[in-house]
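Working notes for the structure below.
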Amino acid sequence: MQIIDGKATAKQIRSEIATEVEAMVARGQRRPHLAAVLVGHDGGSETYVANKIKACEECGFISSLKRFEADITEEELLGVVAELNADPEVDGFIVQLPLPAHISEEKVTEAIDPRKDVDGFHPQNVGRMTIGSPAFISATPQGIVDLIQRYGIETKGKKAVVIGRSNIVGRPMSILLSQKGIDCTVTICHSRTQNMAEVCREADIIIAAIGKPGFVTADMVKTGATIIDVGTTRVPDSTSPRGWRLKGDVDFDAVAPKCAYISPVPGGVGPMTIVSLMKNTLLAAKKAIYK
Ligand code: GUN
């Protein structure tokens with residue numbers, strides 16, 4: 001069994017990006033600039049955004065953060081998006097989700113210029129990704145593909161089971177795995193799936209992205225399978241100074257001995273998500289997706 005080290009892989013990719021950025025700067029080009037919009041004080045969102053800013057520094061990017069209280073109106077937030085769309089100094093930006101209930105995430109996402117949508121959440125990018133055209137691909141699924149490929153895990157003709165059908169992870173993940181060049185035979189499972197354990201036992205690769213800690217148990221896993229754990233639920237932990245720790249969707253201790261490869265939580269998919277956002281920002285700065 002080999003543990004997939006997302007932290008080390010992400011560090012390596014950040015250093016590759018930094019090398020490319022310094023070469024751009026040496027040619028007289030501006031550093032890539034990623035902006036983030038954060039509404040309210042959600043703990044998870046604060047952590048994500050802080051990690052994104054840190055990753056920008058490591059990659060040699062400019063980063064900026066626009067913070068707003070949770071009572072900002074939808075109209076005001078759409079105004080912020082319009083300003084960022086028009087700002088020639090900003091290559092790409094993200095609006096951190098979730099947003100407060102009185103703001104439509106759909107409206108805000110659709111207001112982002114697809115050319116600056118480095119999260120890859122805009123329907124235009126989702127559509128282009130689906131038909132295999134150049135697109136900003138959402139960061140978590142892209143990070144998982146990079147991990148699988150960098151570890152040399154065989155995907156051609158393999159059976160992949162994706163657990164979860166969210167717009168951010170499960171659904172785009174299932175599409176990417178089925179694409180030419182990756183060539184998995186993909187099954188997507190969700191809350192209405194019957195015989196989930198039986199379906200999972202067939203899988204060469206399982207991507208667990210449902211947000212239920214410890215959901216994937218040893219009896220659901222074939223010997224020699226590859227397991228990618230996307231779950232990041234905060235569970236109480238009195239031994240941690242924060243009072244909580246992150247727990248994945250996989251019962252790691254029981255499942256790991258059966259696997260060929262397994263990604264841990266933390267230190268697996270999480271760091272790769274952030275590095276994928278950096279890759280998208282570099283692509284935006286280079287105008288590599290939309291000419
Ligand atoms: N909330 C949780 N994950 C993400 C992400 O990748 N991007 C944004 N914008 N919000 C998130």
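In the structure tokens, chains take letters A, B, ... by order of appearance, with residues numbered from 1 within each chain and ligands from 1 in the order shown.
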>> As a quick test: using only C-alpha atoms and all ligand atoms, which residues lie no more than 7 Å away from ligand 1? Give them as a list in words.
In response: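 If we count only C-alpha atoms and all ligand atoms, the neighbours of ligand 1 turn out to be Ser45, Ile94, Val95, Gln96, Leu97, Pro98, Asp119, Ala139, Thr140 and Thr273 of chain A.
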Per residue of region 59-93 of chain A within 9 Å of region 14-31 of chain A, what are the shortest atom pair and its distance in Å to one decimal, counting only C-alpha atoms, with rows by chain and residue number, as CSV?
```
residue,atom,partner,partner_atom,distance
A:Cys59,CA,A:Ala18,CA,4.3
A:Gly60,CA,A:Ala18,CA,5.7
A:Phe61,CA,A:Arg31,CA,5.5
A:Ile62,CA,A:Arg31,CA,6.4
A:Glu89,CA,A:Arg30,CA,8.8
```
Store the residues of this selection in a file with N, CA and C atoms, as a PDB file, in the first residue's frame.
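This is the output file again_10.pdb:
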```
ATOM      1  N   CYS A  59       4.040  30.860  -5.199  1.00  0.00           N
ATOM      2  CA  CYS A  59       4.114  30.746  -6.666  1.00  0.00           C
ATOM      3  C   CYS A  59       4.610  32.040  -7.307  1.00  0.00           C
ATOM      4  N   GLY A  60       4.806  33.075  -6.504  1.00  0.00           N
ATOM      5  CA  GLY A  60       5.247  34.356  -7.056  1.00  0.00           C
ATOM      6  C   GLY A  60       4.114  35.168  -7.664  1.00  0.00           C
ATOM      7  N   PHE A  61       2.860  34.862  -7.270  1.00  0.00           N
ATOM      8  CA  PHE A  61       1.698  35.605  -7.776  1.00  0.00           C
ATOM      9  C   PHE A  61       1.432  36.825  -6.903  1.00  0.00           C
ATOM     10  N   ILE A  62       0.690  37.756  -7.457  1.00  0.00           N
ATOM     11  CA  ILE A  62       0.079  38.818  -6.653  1.00  0.00           C
ATOM     12  C   ILE A  62      -1.269  38.271  -6.184  1.00  0.00           C
ATOM     13  N   GLU A  89      -5.884  44.528 -14.186  1.00  0.00           N
ATOM     14  CA  GLU A  89      -4.758  44.047 -13.360  1.00  0.00           C
ATOM     15  C   GLU A  89      -5.049  42.682 -12.725  1.00  0.00           C
TER      16      GLU A  89
END
```
>> Set the distance at 10 Å and use only C-alpha atoms: which residues neighbour Ile153 (chain A) once local chain neighbours fewer than 3 positions away are removed? I'd like the list as a PyMOL selection string.
In response: chain A and resi 145+147-150+156+205+226+260-261
Serialized selection, C-alpha atoms, as a short mmCIF file (atom, residue, chain, number, x, y, z; two decimals), in the first residue's frame:
```
data_model
loop_
_atom_site.label_atom_id
_atom_site.label_comp_id
_atom_site.auth_asym_id
_atom_site.auth_seq_id
_atom_site.Cartn_x
_atom_site.Cartn_y
_atom_site.Cartn_z
CA VAL A 145 -6.43 13.78 -11.98
CA LEU A 147 -2.37 13.14 -8.39
CA ILE A 148 -3.46 9.96 -10.17
CA GLN A 149 -1.26 10.75 -13.18
CA ARG A 150 1.82 11.83 -11.19
CA LYS A 156 -7.24 3.20 -19.13
CA ILE A 205 -10.57 3.53 -8.36
CA THR A 226 -6.95 3.08 -5.43
CA ALA A 260 -2.71 -0.24 -3.71
CA TYR A 261 -2.88 3.55 -3.21
#
```
> In region 53-290 of chain A, what's helix (DSSP H, G or I) per DSSP? Answer as a VMD selection string?
Replying inline: chain A and resid 53 to 59 74 to 86 105 to 111 114 to 116 123 to 130 139 to 150 170 to 178 196 to 201 218 to 220 252 to 258 269 to 285
>> With only C-alpha atoms as the counted atoms, please give the residues lying no more than 12 Å from Gly44 (chain A), apart from itself and same-chain residues fewer than 5 positions off, as a list in words.
In response: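 Counting only the stated atoms, we get Leu38, Val49, Ala50, Asn51, Gln96, Leu97, Pro98, Thr232, Thr233, Arg234, Trp244, Arg245 and Leu246 of chain A.
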> Using only C-alpha atoms, which of A:Asn85, A:Gln12, A:Thr223, A:Thr187 sits nearest Glu58 (chain A)?
Replying inline: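 The closest residue to Glu58 (chain A) is A:Gln12.
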May I have the residues within 8 Å of Lys258 (chain A) as a PDB file with all heavy atoms, in the first residue's frame, using only C-alpha atoms and disregarding those fewer than 4 positions away in the same chain?
```pdb
ATOM      1  N   MET A   1       0.844  -1.212   0.000  1.00  0.00           N
ATOM      2  CA  MET A   1       0.000   0.000   0.000  1.00  0.00           C
ATOM      3  C   MET A   1       0.875   1.256   0.000  1.00  0.00           C
ATOM      4  O   MET A   1       1.825   1.353   0.764  1.00  0.00           O
ATOM      5  CB  MET A   1      -0.878  -0.030   1.260  1.00  0.00           C
ATOM      6  CG  MET A   1      -1.837   1.113   1.402  1.00  0.00           C
ATOM      7  SD  MET A   1      -1.198   2.552   2.266  1.00  0.00           S
ATOM      8  CE  MET A   1      -0.917   1.901   3.899  1.00  0.00           C
ATOM      9  N   ALA A 218     -14.129  -0.935   4.891  1.00  0.00           N
ATOM     10  CA  ALA A 218     -13.268  -1.935   4.248  1.00  0.00           C
ATOM     11  C   ALA A 218     -14.060  -2.915   3.384  1.00  0.00           C
ATOM     12  O   ALA A 218     -13.587  -3.350   2.328  1.00  0.00           O
ATOM     13  CB  ALA A 218     -12.466  -2.677   5.315  1.00  0.00           C
ATOM     14  N   VAL A 221     -14.457  -2.148  -0.411  1.00  0.00           N
ATOM     15  CA  VAL A 221     -13.249  -1.911  -1.216  1.00  0.00           C
ATOM     16  C   VAL A 221     -12.628  -3.219  -1.679  1.00  0.00           C
ATOM     17  O   VAL A 221     -12.428  -4.142  -0.876  1.00  0.00           O
ATOM     18  CB  VAL A 221     -12.227  -1.104  -0.371  1.00  0.00           C
ATOM     19  CG1 VAL A 221     -10.901  -0.971  -1.091  1.00  0.00           C
ATOM     20  CG2 VAL A 221     -12.796   0.261  -0.019  1.00  0.00           C
ATOM     21  N   LYS A 222     -12.328  -3.273  -2.980  1.00  0.00           N
ATOM     22  CA  LYS A 222     -11.649  -4.447  -3.558  1.00  0.00           C
ATOM     23  C   LYS A 222     -10.162  -4.397  -3.191  1.00  0.00           C
ATOM     24  O   LYS A 222      -9.565  -3.309  -3.183  1.00  0.00           O
ATOM     25  CB  LYS A 222     -11.829  -4.358  -5.081  1.00  0.00           C
ATOM     26  CG  LYS A 222     -11.169  -5.428  -5.870  1.00  0.00           C
ATOM     27  CD  LYS A 222     -11.626  -5.383  -7.327  1.00  0.00           C
ATOM     28  CE  LYS A 222     -10.777  -4.453  -8.172  1.00  0.00           C
ATOM     29  NZ  LYS A 222     -11.119  -4.532  -9.598  1.00  0.00           N
ATOM     30  N   THR A 223      -9.563  -5.522  -2.943  1.00  0.00           N
ATOM     31  CA  THR A 223      -8.117  -5.564  -2.664  1.00  0.00           C
ATOM     32  C   THR A 223      -7.364  -5.011  -3.870  1.00  0.00           C
ATOM     33  O   THR A 223      -7.654  -5.376  -5.007  1.00  0.00           O
ATOM     34  CB  THR A 223      -7.669  -7.011  -2.367  1.00  0.00           C
ATOM     35  OG1 THR A 223      -8.414  -7.477  -1.252  1.00  0.00           O
ATOM     36  CG2 THR A 223      -6.178  -7.076  -2.041  1.00  0.00           C
ATOM     37  N   GLY A 224      -6.422  -4.096  -3.608  1.00  0.00           N
ATOM     38  CA  GLY A 224      -5.612  -3.536  -4.697  1.00  0.00           C
ATOM     39  C   GLY A 224      -6.213  -2.303  -5.350  1.00  0.00           C
ATOM     40  O   GLY A 224      -5.667  -1.792  -6.327  1.00  0.00           O
ATOM     41  N   ALA A 225      -7.339  -1.788  -4.802  1.00  0.00           N
ATOM     42  CA  ALA A 225      -7.972  -0.595  -5.385  1.00  0.00           C
ATOM     43  C   ALA A 225      -7.196   0.677  -5.009  1.00  0.00           C
ATOM     44  O   ALA A 225      -6.361   0.662  -4.098  1.00  0.00           O
ATOM     45  CB  ALA A 225      -9.415  -0.484  -4.887  1.00  0.00           C
TER      46      ALA A 225
END
```
